[in-house]
Amino acid sequence: MSLTTTKCNEWVERDKKVIAPCQHLSYYPLAVAKVEGDTIYDEDDNKYIDFLSSASSLNLGSCFPVVTEAIKKQLDQFAQYTPAYTYNATNIAYAERLVSVFPGGGEAKVCFGNCGSDANDAAVKFARAYTGRSKIITFINGYHGNTYGSMSLSAVTTRMRSKMGPFLPEIYSFPFFGDDVDDITCERECIKEIERAFATYLPAEEVAAVIIEPVQGDAGLIAAHKIFMEKLFDLCKKNGILFISEEVQQAFFRTGKWFAIEHYGIIPDAVVLGKSVGAGLTLGAFMAKAEIMDALPAPAHLFTLGGNALACAAGCAAFDYMQSSEFQEILMQNESMMEHLLDETLRKFPGFVTGKRGIGMSRGLVLMTKDEKTGIQMPDDMGTYKVLYRAYEKGLVIISLGENVLRIQPPLNIKAENLQRAFEILWESMEDYLDGKISDDVMRFRNGW
């Protein structure tokens with residue numbers, strides 16, 4: 001089967017002439033013309049259910065009425081005026097809202113920026129300034145952004161490092177233990193390499209912070225093992241190391257709570273925010289205990305457009321709606337339906353769909369194939385791509401992560417009928433692949449992770 005993509009293809013060709021290829025991790029020739037809630041329309045007027053949420057930056061979908069109204073109201077007053085030299089009520093009001101839900105309570109402050117990447121940069125700056133230490137611990141397969149600092153923290157693909165070094169020094173990446181690891185192995189192994197490093201080449205008293213995603217998003221929606229998080233947190237407290245929760249992709253109820261770290265009963269020293277913090281507009285934020293935030297003077301981390309009024313107005317509106325009983329009821333129903341549909345997928349495709357990952361509305365499906373010679377189950381990277389491409393042809397925008405994980409992150413308030421239909425499209429696409437109905441020719445469009 002095929003879509004009419006004449007106009008989309010024309011825009012793709014125009015893009016190639018003027019935009020650097022590093023700007024796209026494209027999976028198909030989708031040129032977005034309009035997005036309404038959980039539905040995307042392309043330039044050829046094809047319609048798609050959204051299982052990407054603009055990389056989890058549209059947790060309420062696009063053009064959500066209360067958010068759109070707040071943006072329009074702010075735009076009538078002023079689009080932005082730099083908070084570097086002035087103050088404004090919208091910026092302050094949003095910071096007040098954010099600190100009111102800081103995990104564990106207590107006095108906290110916010111440092112606004114432009115995106116999650118520079119919020120990760122802020123994490124490094126404030127951690128070093130507050131502790132007087134230089135070293136930072138992150139984790140293999142973690143993704144933290146694309147500024148030089150956040151790239152230095154990331155360890156998810158060599159395509160983020162090839163040809164661009166040297167990177168920020170004193171960053172050390174260790175194995176991440178997900179909830180797919182059994183308890184006994186996790187208990188025995190999860191912090192062994194860090195402890196070995198502390199004993200041999202990485203003095204614990206020189207480590208400023210641990211920066212960790214409670215759910216590794218771009219690694220394939222892998223939730224951290226609870227034992228791992230608890231042991232890591234205890235190690236930090238024992239050695240005076242800041243524990244920073246990287247929530248760029250997972251905050252704002254993506255996992256069912258304000259912050260993913262709340263699933264672990266851990267009170268972090270700081271959280272890193274991006275994506276949906278601006279309710280669809282460009283915004284980043286680093287939020288930490290007040291004494292940490294007081295460690296740096298201006299202009300250590302400020303930007304002309306950082307914390308812009310439009311994004312803060314949108315953020316305030318989304319924040320208030322997310323606290324409503326209406327939203328919480330929709331979220332609870334969608335989470336329950338999501339779990340049922342994931343389980344149904346596992347039941348329908350045993351041996352091919354071998355696992356589900358993630359928490360709440362931040363999920364992944366693992367696709368495997370059996371090696372013909374050895375009979376061993378192997379990641380089905382080609383099958384994963386063919387399934388997502390067929391799903392696109394049938395009206396579902398979904399991408400993959402890692403070799404073989406389908407990324408499922410619809411708007412949190414997706415309509416129930418669209419959530420159901422999206423999984424039906426997935427099932428139809430899987431059946432087409434397993435029946436050999438998807439040509440190898442579609443692989444030419446592959447340019448994803």
# chains A, B, ... in the order shown; residues from 1 in each chain; ligands from 1

$ closest_atom_pairs --of "segment 310-358 of chain A" --to "segment 403-418 of chain A" --cutoff "10 Å" --atoms "only C-alpha atoms" --output "JSON lines"
{"residue": "A:Phe327", "atom": "CA", "partner": "A:Asn413", "partner_atom": "CA", "distance": 7.3}
{"residue": "A:Gln328", "atom": "CA", "partner": "A:Asn413", "partner_atom": "CA", "distance": 9.4}
{"residue": "A:Glu329", "atom": "CA", "partner": "A:Asn413", "partner_atom": "CA", "distance": 9.7}
{"residue": "A:Ile330", "atom": "CA", "partner": "A:Asn413", "partner_atom": "CA", "distance": 6.1}
{"residue": "A:Leu331", "atom": "CA", "partner": "A:Leu412", "partner_atom": "CA", "distance": 6.1}
{"residue": "A:Met332", "atom": "CA", "partner": "A:Leu412", "partner_atom": "CA", "distance": 9.5}
{"residue": "A:Gln333", "atom": "CA", "partner": "A:Ala416", "partner_atom": "CA", "distance": 8.5}
{"residue": "A:Asn334", "atom": "CA", "partner": "A:Ala416", "partner_atom": "CA", "distance": 6.9}
{"residue": "A:Glu335", "atom": "CA", "partner": "A:Leu412", "partner_atom": "CA", "distance": 8.5}
{"residue": "A:Met337", "atom": "CA", "partner": "A:Ala416", "partner_atom": "CA", "distance": 8.0}
{"residue": "A:Met338", "atom": "CA", "partner": "A:Ala416", "partner_atom": "CA", "distance": 9.6}
{"residue": "A:Leu342", "atom": "CA", "partner": "A:Ile408", "partner_atom": "CA", "distance": 10.0}
{"residue": "A:Val353", "atom": "CA", "partner": "A:Val405", "partner_atom": "CA", "distance": 9.6}
{"residue": "A:Gly355", "atom": "CA", "partner": "A:Val405", "partner_atom": "CA", "distance": 9.3}
{"residue": "A:Lys356", "atom": "CA", "partner": "A:Val405", "partner_atom": "CA", "distance": 9.0}
{"residue": "A:Arg357", "atom": "CA", "partner": "A:Val405", "partner_atom": "CA", "distance": 8.9}
{"residue": "A:Gly358", "atom": "CA", "partner": "A:Ile408", "partner_atom": "CA", "distance": 9.4}

$ residues_around --residues "Val66 of chain A" --least-positions-apart "2" --cutoff "12 Å" --atoms "only C-alpha atoms" --output "ChimeraX atom specification"
/A:60-64,68-73,279,313-322

$ write_last_selection --atoms "all heavy atoms" --output "short mmCIF file (atom, residue, chain, number, x, y, z; two decimals), in the first residue's frame"
data_model
loop_
_atom_site.label_atom_id
_atom_site.label_comp_id
_atom_site.auth_asym_id
_atom_site.auth_seq_id
_atom_site.Cartn_x
_atom_site.Cartn_y
_atom_site.Cartn_z
N LEU A 60 -0.12 17.66 26.14
CA LEU A 60 -1.55 17.90 26.01
C LEU A 60 -1.97 17.98 24.55
O LEU A 60 -3.07 18.44 24.24
CB LEU A 60 -1.96 19.19 26.74
CG LEU A 60 -1.83 19.17 28.27
CD1 LEU A 60 -2.19 20.52 28.85
CD2 LEU A 60 -2.72 18.08 28.88
N GLY A 61 -1.10 17.53 23.67
CA GLY A 61 -1.40 17.64 22.25
C GLY A 61 -1.21 19.07 21.77
O GLY A 61 -0.89 19.98 22.54
N SER A 62 -1.42 19.29 20.47
CA SER A 62 -1.24 20.61 19.90
C SER A 62 -2.54 21.41 19.95
O SER A 62 -3.63 20.85 19.84
CB SER A 62 -0.78 20.49 18.44
OG SER A 62 -0.53 21.76 17.88
N CYS A 63 -2.39 22.72 20.11
CA CYS A 63 -3.53 23.65 20.09
C CYS A 63 -4.56 23.34 21.17
O CYS A 63 -5.77 23.50 20.96
CB CYS A 63 -4.20 23.65 18.72
SG CYS A 63 -3.11 24.06 17.34
N PHE A 64 -4.10 22.89 22.34
CA PHE A 64 -5.03 22.64 23.42
C PHE A 64 -5.66 23.98 23.82
O PHE A 64 -4.95 24.96 24.06
CB PHE A 64 -4.32 22.00 24.61
CG PHE A 64 -5.24 21.51 25.68
CD1 PHE A 64 -6.09 20.45 25.43
CD2 PHE A 64 -5.29 22.12 26.91
CE1 PHE A 64 -6.96 19.99 26.41
CE2 PHE A 64 -6.15 21.67 27.91
CZ PHE A 64 -6.99 20.60 27.65
N THR A 68 -3.70 27.53 24.17
CA THR A 68 -3.76 28.47 23.05
C THR A 68 -4.30 29.82 23.50
O THR A 68 -3.78 30.88 23.10
CB THR A 68 -4.65 27.89 21.93
OG1 THR A 68 -4.08 26.66 21.48
CG2 THR A 68 -4.75 28.86 20.76
N GLU A 69 -5.33 29.81 24.33
CA GLU A 69 -5.91 31.06 24.82
C GLU A 69 -4.89 31.84 25.66
O GLU A 69 -4.80 33.07 25.57
CB GLU A 69 -7.16 30.76 25.64
CG GLU A 69 -7.91 31.99 26.11
CD GLU A 69 -8.38 32.88 24.97
OE1 GLU A 69 -8.73 32.34 23.90
OE2 GLU A 69 -8.39 34.12 25.15
N ALA A 70 -4.12 31.14 26.49
CA ALA A 70 -3.11 31.81 27.32
C ALA A 70 -2.02 32.43 26.45
O ALA A 70 -1.54 33.55 26.74
CB ALA A 70 -2.51 30.80 28.29
N ILE A 71 -1.63 31.74 25.39
CA ILE A 71 -0.61 32.28 24.47
C ILE A 71 -1.14 33.53 23.78
O ILE A 71 -0.44 34.55 23.68
CB ILE A 71 -0.21 31.21 23.44
CG1 ILE A 71 0.52 30.05 24.12
CG2 ILE A 71 0.67 31.82 22.35
CD1 ILE A 71 0.74 28.84 23.23
N LYS A 72 -2.38 33.48 23.31
CA LYS A 72 -2.98 34.65 22.64
C LYS A 72 -3.06 35.85 23.58
O LYS A 72 -2.75 36.98 23.19
CB LYS A 72 -4.37 34.30 22.12
CG LYS A 72 -4.39 33.34 20.94
CD LYS A 72 -5.83 33.03 20.54
CE LYS A 72 -5.88 32.11 19.33
NZ LYS A 72 -7.28 31.74 18.97
N LYS A 73 -3.48 35.60 24.81
CA LYS A 73 -3.59 36.67 25.79
C LYS A 73 -2.23 37.30 26.07
O LYS A 73 -2.09 38.54 26.12
CB LYS A 73 -4.21 36.13 27.08
CG LYS A 73 -4.43 37.19 28.15
CD LYS A 73 -5.09 36.59 29.38
CE LYS A 73 -5.29 37.63 30.46
NZ LYS A 73 -5.93 37.05 31.69
N ALA A 279 4.81 23.64 27.44
CA ALA A 279 3.50 23.29 26.87
C ALA A 279 3.49 23.42 25.36
O ALA A 279 2.50 23.85 24.78
CB ALA A 279 2.40 24.15 27.51
N ALA A 313 3.60 31.60 29.90
CA ALA A 313 2.15 31.70 29.92
C ALA A 313 1.51 30.37 29.54
O ALA A 313 0.55 29.91 30.17
CB ALA A 313 1.68 32.81 28.97
N ALA A 314 2.06 29.75 28.50
CA ALA A 314 1.57 28.43 28.08
C ALA A 314 1.79 27.42 29.20
O ALA A 314 0.91 26.59 29.50
CB ALA A 314 2.29 27.99 26.81
N GLY A 315 2.96 27.47 29.83
CA GLY A 315 3.27 26.55 30.91
C GLY A 315 2.33 26.70 32.09
O GLY A 315 1.87 25.70 32.66
N CYS A 316 2.01 27.94 32.45
CA CYS A 316 1.07 28.18 33.55
C CYS A 316 -0.29 27.57 33.25
O CYS A 316 -0.91 26.92 34.11
CB CYS A 316 0.90 29.68 33.78
SG CYS A 316 2.27 30.49 34.64
N ALA A 317 -0.77 27.77 32.02
CA ALA A 317 -2.08 27.25 31.64
C ALA A 317 -2.10 25.73 31.68
O ALA A 317 -3.06 25.12 32.18
CB ALA A 317 -2.46 27.76 30.25
N ALA A 318 -1.06 25.10 31.12
CA ALA A 318 -0.99 23.64 31.12
C ALA A 318 -0.88 23.11 32.55
O ALA A 318 -1.52 22.11 32.91
CB ALA A 318 0.19 23.18 30.28
N PHE A 319 -0.04 23.76 33.35
CA PHE A 319 0.15 23.36 34.75
C PHE A 319 -1.18 23.35 35.49
O PHE A 319 -1.52 22.37 36.18
CB PHE A 319 1.13 24.32 35.42
CG PHE A 319 1.50 23.96 36.84
CD1 PHE A 319 2.70 23.34 37.12
CD2 PHE A 319 0.66 24.28 37.89
CE1 PHE A 319 3.05 23.01 38.42
CE2 PHE A 319 0.99 23.95 39.20
CZ PHE A 319 2.19 23.33 39.46
N ASP A 320 -1.95 24.42 35.35
CA ASP A 320 -3.21 24.53 36.06
C ASP A 320 -4.20 23.46 35.59
O ASP A 320 -4.92 22.86 36.41
CB ASP A 320 -3.82 25.92 35.86
CG ASP A 320 -2.99 27.01 36.55
OD1 ASP A 320 -2.13 26.68 37.38
OD2 ASP A 320 -3.21 28.19 36.22
N TYR A 321 -4.22 23.22 34.29
CA TYR A 321 -5.14 22.19 33.78
C TYR A 321 -4.73 20.80 34.27
O TYR A 321 -5.59 19.98 34.62
CB TYR A 321 -5.18 22.21 32.25
CG TYR A 321 -6.08 21.13 31.69
CD1 TYR A 321 -7.46 21.22 31.84
CD2 TYR A 321 -5.55 20.01 31.06
CE1 TYR A 321 -8.29 20.21 31.37
CE2 TYR A 321 -6.38 19.00 30.58
CZ TYR A 321 -7.75 19.10 30.75
OH TYR A 321 -8.57 18.10 30.29
N MET A 322 -3.44 20.54 34.33
CA MET A 322 -2.98 19.23 34.77
C MET A 322 -3.33 18.94 36.23
O MET A 322 -3.38 17.78 36.64
CB MET A 322 -1.48 19.09 34.55
CG MET A 322 -1.10 18.89 33.10
SD MET A 322 0.69 18.73 32.86
CE MET A 322 0.74 18.22 31.13
#

$ select_by_dssp --residues "segment 71-114 of chain A" --states "strand (DSSP E or B)" --output "list in words"
Ala108, Lys109, Val110, Cys111, Phe112 and Gly113 of chain A

$ residues_around --residues "Glu424 of chain A" --least-positions-apart "3" --cutoff "12 Å" --atoms "only C-alpha atoms" --output "number ranges by chain"
A: 49, 341-342, 344-345, 348, 391, 394-396, 417-421, 427-431

$ select_by_dssp --residues "segment 226-293 of chain A" --states "alpha helix (DSSP H)" --output "tab-separated table (two decimals) with N, CA and C atoms, in the first residue's frame"
chain	number	residue	atom	x	y	z
A	226	LYS	N	14.30	-0.24	40.77
A	226	LYS	CA	14.13	0.44	42.06
A	226	LYS	C	15.33	0.21	42.97
A	227	ILE	N	15.87	-0.99	42.98
A	227	ILE	CA	17.05	-1.27	43.82
A	227	ILE	C	18.23	-0.42	43.38
A	228	PHE	N	18.41	-0.31	42.08
A	228	PHE	CA	19.49	0.51	41.53
A	228	PHE	C	19.36	1.95	41.97
A	229	MET	N	18.17	2.52	41.86
A	229	MET	CA	17.97	3.92	42.23
A	229	MET	C	18.21	4.13	43.72
A	230	GLU	N	17.74	3.21	44.52
A	230	GLU	CA	17.91	3.35	45.97
A	230	GLU	C	19.38	3.26	46.37
A	231	LYS	N	20.11	2.30	45.79
A	231	LYS	CA	21.52	2.17	46.11
A	231	LYS	C	22.32	3.38	45.61
A	232	LEU	N	21.97	3.86	44.43
A	232	LEU	CA	22.65	5.01	43.87
A	232	LEU	C	22.41	6.25	44.74
A	233	PHE	N	21.18	6.43	45.16
A	233	PHE	CA	20.83	7.57	46.01
A	233	PHE	C	21.59	7.49	47.34
A	234	ASP	N	21.63	6.31	47.95
A	234	ASP	CA	22.36	6.14	49.21
A	234	ASP	C	23.84	6.43	49.03
A	235	LEU	N	24.40	6.01	47.89
A	235	LEU	CA	25.81	6.27	47.60
A	235	LEU	C	26.07	7.77	47.50
A	236	CYS	N	25.15	8.48	46.88
A	236	CYS	CA	25.28	9.93	46.77
A	236	CYS	C	25.24	10.59	48.14
A	237	LYS	N	24.28	10.21	48.95
A	237	LYS	CA	24.14	10.84	50.27
A	237	LYS	C	25.37	10.54	51.13
A	238	LYS	N	25.89	9.34	51.02
A	238	LYS	CA	27.06	8.95	51.80
A	238	LYS	C	28.29	9.77	51.46
A	239	ASN	N	28.38	10.20	50.19
A	239	ASN	CA	29.59	10.88	49.72
A	239	ASN	C	29.39	12.35	49.38
A	290	ALA	N	16.98	25.56	47.14
A	290	ALA	CA	17.33	26.98	47.09
A	290	ALA	C	18.82	27.23	47.32
A	291	GLU	N	19.43	26.51	48.26
A	291	GLU	CA	20.85	26.77	48.56
A	291	GLU	C	21.75	26.43	47.37
A	292	ILE	N	21.33	25.47	46.56
A	292	ILE	CA	22.09	25.14	45.35
A	292	ILE	C	21.95	26.26	44.34
A	293	MET	N	20.74	26.77	44.17
A	293	MET	CA	20.48	27.81	43.19
A	293	MET	C	21.14	29.14	43.55

$ closest_residue --among "A:Val181, A:Ile222, A:Ile241, A:Ile92" --to "Asn141 of chain A" --atoms "only C-alpha atoms"
A:Ile222

$ decode --residues "segment 19-148 of chain A" --atoms "C-alpha atoms" --output "mmCIF file, in the first residue's frame"
data_model
loop_
_atom_site.group_PDB
_atom_site.id
_atom_site.type_symbol
_atom_site.label_atom_id
_atom_site.label_comp_id
_atom_site.auth_asym_id
_atom_site.auth_seq_id
_atom_site.Cartn_x
_atom_site.Cartn_y
_atom_site.Cartn_z
ATOM 1 C CA ILE A 19 18.735 22.623 5.885
ATOM 2 C CA ALA A 20 21.676 20.715 7.339
ATOM 3 C CA PRO A 21 21.089 16.933 7.285
ATOM 4 C CA CYS A 22 21.981 16.685 10.982
ATOM 5 C CA GLN A 23 18.643 18.393 11.749
ATOM 6 C CA HIS A 24 16.541 15.335 10.905
ATOM 7 C CA LEU A 25 16.124 11.834 12.304
ATOM 8 C CA SER A 26 13.423 11.131 9.759
ATOM 9 C CA TYR A 27 11.547 7.855 9.372
ATOM 10 C CA TYR A 28 9.281 8.791 6.467
ATOM 11 C CA PRO A 29 8.536 11.834 4.255
ATOM 12 C CA LEU A 30 6.112 13.500 6.652
ATOM 13 C CA ALA A 31 5.803 17.269 6.156
ATOM 14 C CA VAL A 32 3.512 18.535 8.908
ATOM 15 C CA ALA A 33 0.863 21.034 7.825
ATOM 16 C CA LYS A 34 -1.413 21.126 10.870
ATOM 17 C CA VAL A 35 -1.769 19.425 14.244
ATOM 18 C CA GLU A 36 -4.988 19.421 16.244
ATOM 19 C CA GLY A 37 -4.887 17.695 19.605
ATOM 20 C CA ASP A 38 -3.865 14.095 18.945
ATOM 21 C CA THR A 39 -4.166 14.315 15.142
ATOM 22 C CA ILE A 40 -1.535 15.336 12.576
ATOM 23 C CA TYR A 41 -2.257 16.458 9.006
ATOM 24 C CA ASP A 42 0.473 16.509 6.369
ATOM 25 C CA GLU A 43 0.904 18.713 3.307
ATOM 26 C CA ASP A 44 -0.989 16.146 1.221
ATOM 27 C CA ASP A 45 -3.882 16.275 3.710
ATOM 28 C CA ASN A 46 -3.241 12.772 5.012
ATOM 29 C CA LYS A 47 -4.357 12.332 8.616
ATOM 30 C CA TYR A 48 -2.425 10.521 11.373
ATOM 31 C CA ILE A 49 -2.952 9.617 15.019
ATOM 32 C CA ASP A 50 -0.036 11.017 17.019
ATOM 33 C CA PHE A 51 2.020 8.494 19.012
ATOM 34 C CA LEU A 52 5.043 10.828 19.206
ATOM 35 C CA SER A 53 3.685 14.017 20.813
ATOM 36 C CA SER A 54 6.461 15.976 19.131
ATOM 37 C CA ALA A 55 9.045 13.928 21.051
ATOM 38 C CA SER A 56 7.005 14.258 24.255
ATOM 39 C CA SER A 57 6.977 18.056 24.057
ATOM 40 C CA LEU A 58 3.186 18.168 23.499
ATOM 41 C CA ASN A 59 1.868 16.286 26.518
ATOM 42 C CA LEU A 60 -1.551 17.895 26.014
ATOM 43 C CA GLY A 61 -1.397 17.638 22.252
ATOM 44 C CA SER A 62 -1.240 20.612 19.896
ATOM 45 C CA CYS A 63 -3.531 23.649 20.087
ATOM 46 C CA PHE A 64 -5.034 22.639 23.423
ATOM 47 C CA PRO A 65 -7.662 25.346 24.015
ATOM 48 C CA VAL A 66 -6.610 26.654 27.455
ATOM 49 C CA VAL A 67 -2.975 26.772 26.349
ATOM 50 C CA THR A 68 -3.761 28.467 23.048
ATOM 51 C CA GLU A 69 -5.906 31.062 24.823
ATOM 52 C CA ALA A 70 -3.113 31.808 27.316
ATOM 53 C CA ILE A 71 -0.614 32.279 24.471
ATOM 54 C CA LYS A 72 -2.977 34.647 22.635
ATOM 55 C CA LYS A 73 -3.590 36.674 25.793
ATOM 56 C CA GLN A 74 0.144 36.967 26.481
ATOM 57 C CA LEU A 75 0.857 37.832 22.846
ATOM 58 C CA ASP A 76 -1.513 40.789 23.116
ATOM 59 C CA GLN A 77 0.596 42.073 26.032
ATOM 60 C CA PHE A 78 4.133 41.217 24.822
ATOM 61 C CA ALA A 79 5.695 38.193 23.160
ATOM 62 C CA GLN A 80 8.866 38.396 25.189
ATOM 63 C CA TYR A 81 11.074 40.888 26.941
ATOM 64 C CA THR A 82 14.362 39.612 28.232
ATOM 65 C CA PRO A 83 14.347 38.631 31.899
ATOM 66 C CA ALA A 84 18.093 39.215 31.895
ATOM 67 C CA TYR A 85 17.517 42.906 32.680
ATOM 68 C CA THR A 86 13.863 43.035 33.756
ATOM 69 C CA TYR A 87 11.182 41.146 35.661
ATOM 70 C CA ASN A 88 7.753 39.974 34.553
ATOM 71 C CA ALA A 89 4.731 38.489 36.280
ATOM 72 C CA THR A 90 4.309 35.560 33.888
ATOM 73 C CA ASN A 91 7.859 34.329 34.401
ATOM 74 C CA ILE A 92 7.550 34.601 38.168
ATOM 75 C CA ALA A 93 4.079 33.023 38.278
ATOM 76 C CA TYR A 94 5.291 29.953 36.430
ATOM 77 C CA ALA A 95 8.335 29.574 38.668
ATOM 78 C CA GLU A 96 6.032 29.752 41.686
ATOM 79 C CA ARG A 97 3.926 26.952 40.270
ATOM 80 C CA LEU A 98 6.931 24.763 39.491
ATOM 81 C CA VAL A 99 8.552 25.075 42.912
ATOM 82 C CA SER A 100 5.204 24.234 44.530
ATOM 83 C CA VAL A 101 5.539 20.672 43.168
ATOM 84 C CA PHE A 102 9.285 20.212 43.700
ATOM 85 C CA PRO A 103 9.678 16.541 44.738
ATOM 86 C CA GLY A 104 9.640 16.215 48.495
ATOM 87 C CA GLY A 105 8.689 19.835 49.042
ATOM 88 C CA GLY A 106 11.068 22.262 50.681
ATOM 89 C CA GLU A 107 12.370 25.578 49.426
ATOM 90 C CA ALA A 108 13.407 25.488 45.759
ATOM 91 C CA LYS A 109 14.156 27.914 42.946
ATOM 92 C CA VAL A 110 14.052 27.799 39.139
ATOM 93 C CA CYS A 111 16.584 28.818 36.525
ATOM 94 C CA PHE A 112 14.881 29.180 33.128
ATOM 95 C CA GLY A 113 16.535 28.620 29.772
ATOM 96 C CA ASN A 114 15.568 27.740 26.217
ATOM 97 C CA CYS A 115 15.395 23.935 26.182
ATOM 98 C CA GLY A 116 16.263 20.727 27.992
ATOM 99 C CA SER A 117 19.789 20.761 26.611
ATOM 100 C CA ASP A 118 20.799 24.016 28.286
ATOM 101 C CA ALA A 119 18.945 22.919 31.415
ATOM 102 C CA ASN A 120 21.376 19.993 31.559
ATOM 103 C CA ASP A 121 24.216 22.475 31.117
ATOM 104 C CA ALA A 122 22.801 24.339 34.101
ATOM 105 C CA ALA A 123 22.860 21.137 36.130
ATOM 106 C CA VAL A 124 26.600 20.844 35.572
ATOM 107 C CA LYS A 125 27.251 24.518 36.340
ATOM 108 C CA PHE A 126 25.255 24.632 39.556
ATOM 109 C CA ALA A 127 26.501 21.251 40.787
ATOM 110 C CA ARG A 128 30.123 22.303 40.344
ATOM 111 C CA ALA A 129 29.567 25.727 41.858
ATOM 112 C CA TYR A 130 27.673 24.468 44.894
ATOM 113 C CA THR A 131 29.909 21.521 45.752
ATOM 114 C CA GLY A 132 33.257 22.932 44.659
ATOM 115 C CA ARG A 133 33.821 19.617 42.881
ATOM 116 C CA SER A 134 34.359 19.001 39.163
ATOM 117 C CA LYS A 135 33.376 15.439 38.284
ATOM 118 C CA ILE A 136 29.939 14.371 37.000
ATOM 119 C CA ILE A 137 28.529 10.838 36.757
ATOM 120 C CA THR A 138 26.044 9.916 34.036
ATOM 121 C CA PHE A 139 24.914 6.622 32.537
ATOM 122 C CA ILE A 140 25.443 4.602 29.374
ATOM 123 C CA ASN A 141 22.559 4.977 26.920
ATOM 124 C CA GLY A 142 21.525 8.239 28.572
ATOM 125 C CA TYR A 143 20.508 11.140 26.346
ATOM 126 C CA HIS A 144 20.725 14.686 27.710
ATOM 127 C CA GLY A 145 20.670 16.984 24.686
ATOM 128 C CA ASN A 146 22.729 18.596 21.965
ATOM 129 C CA THR A 147 24.613 21.564 23.386
ATOM 130 C CA TYR A 148 28.278 20.784 24.016
#
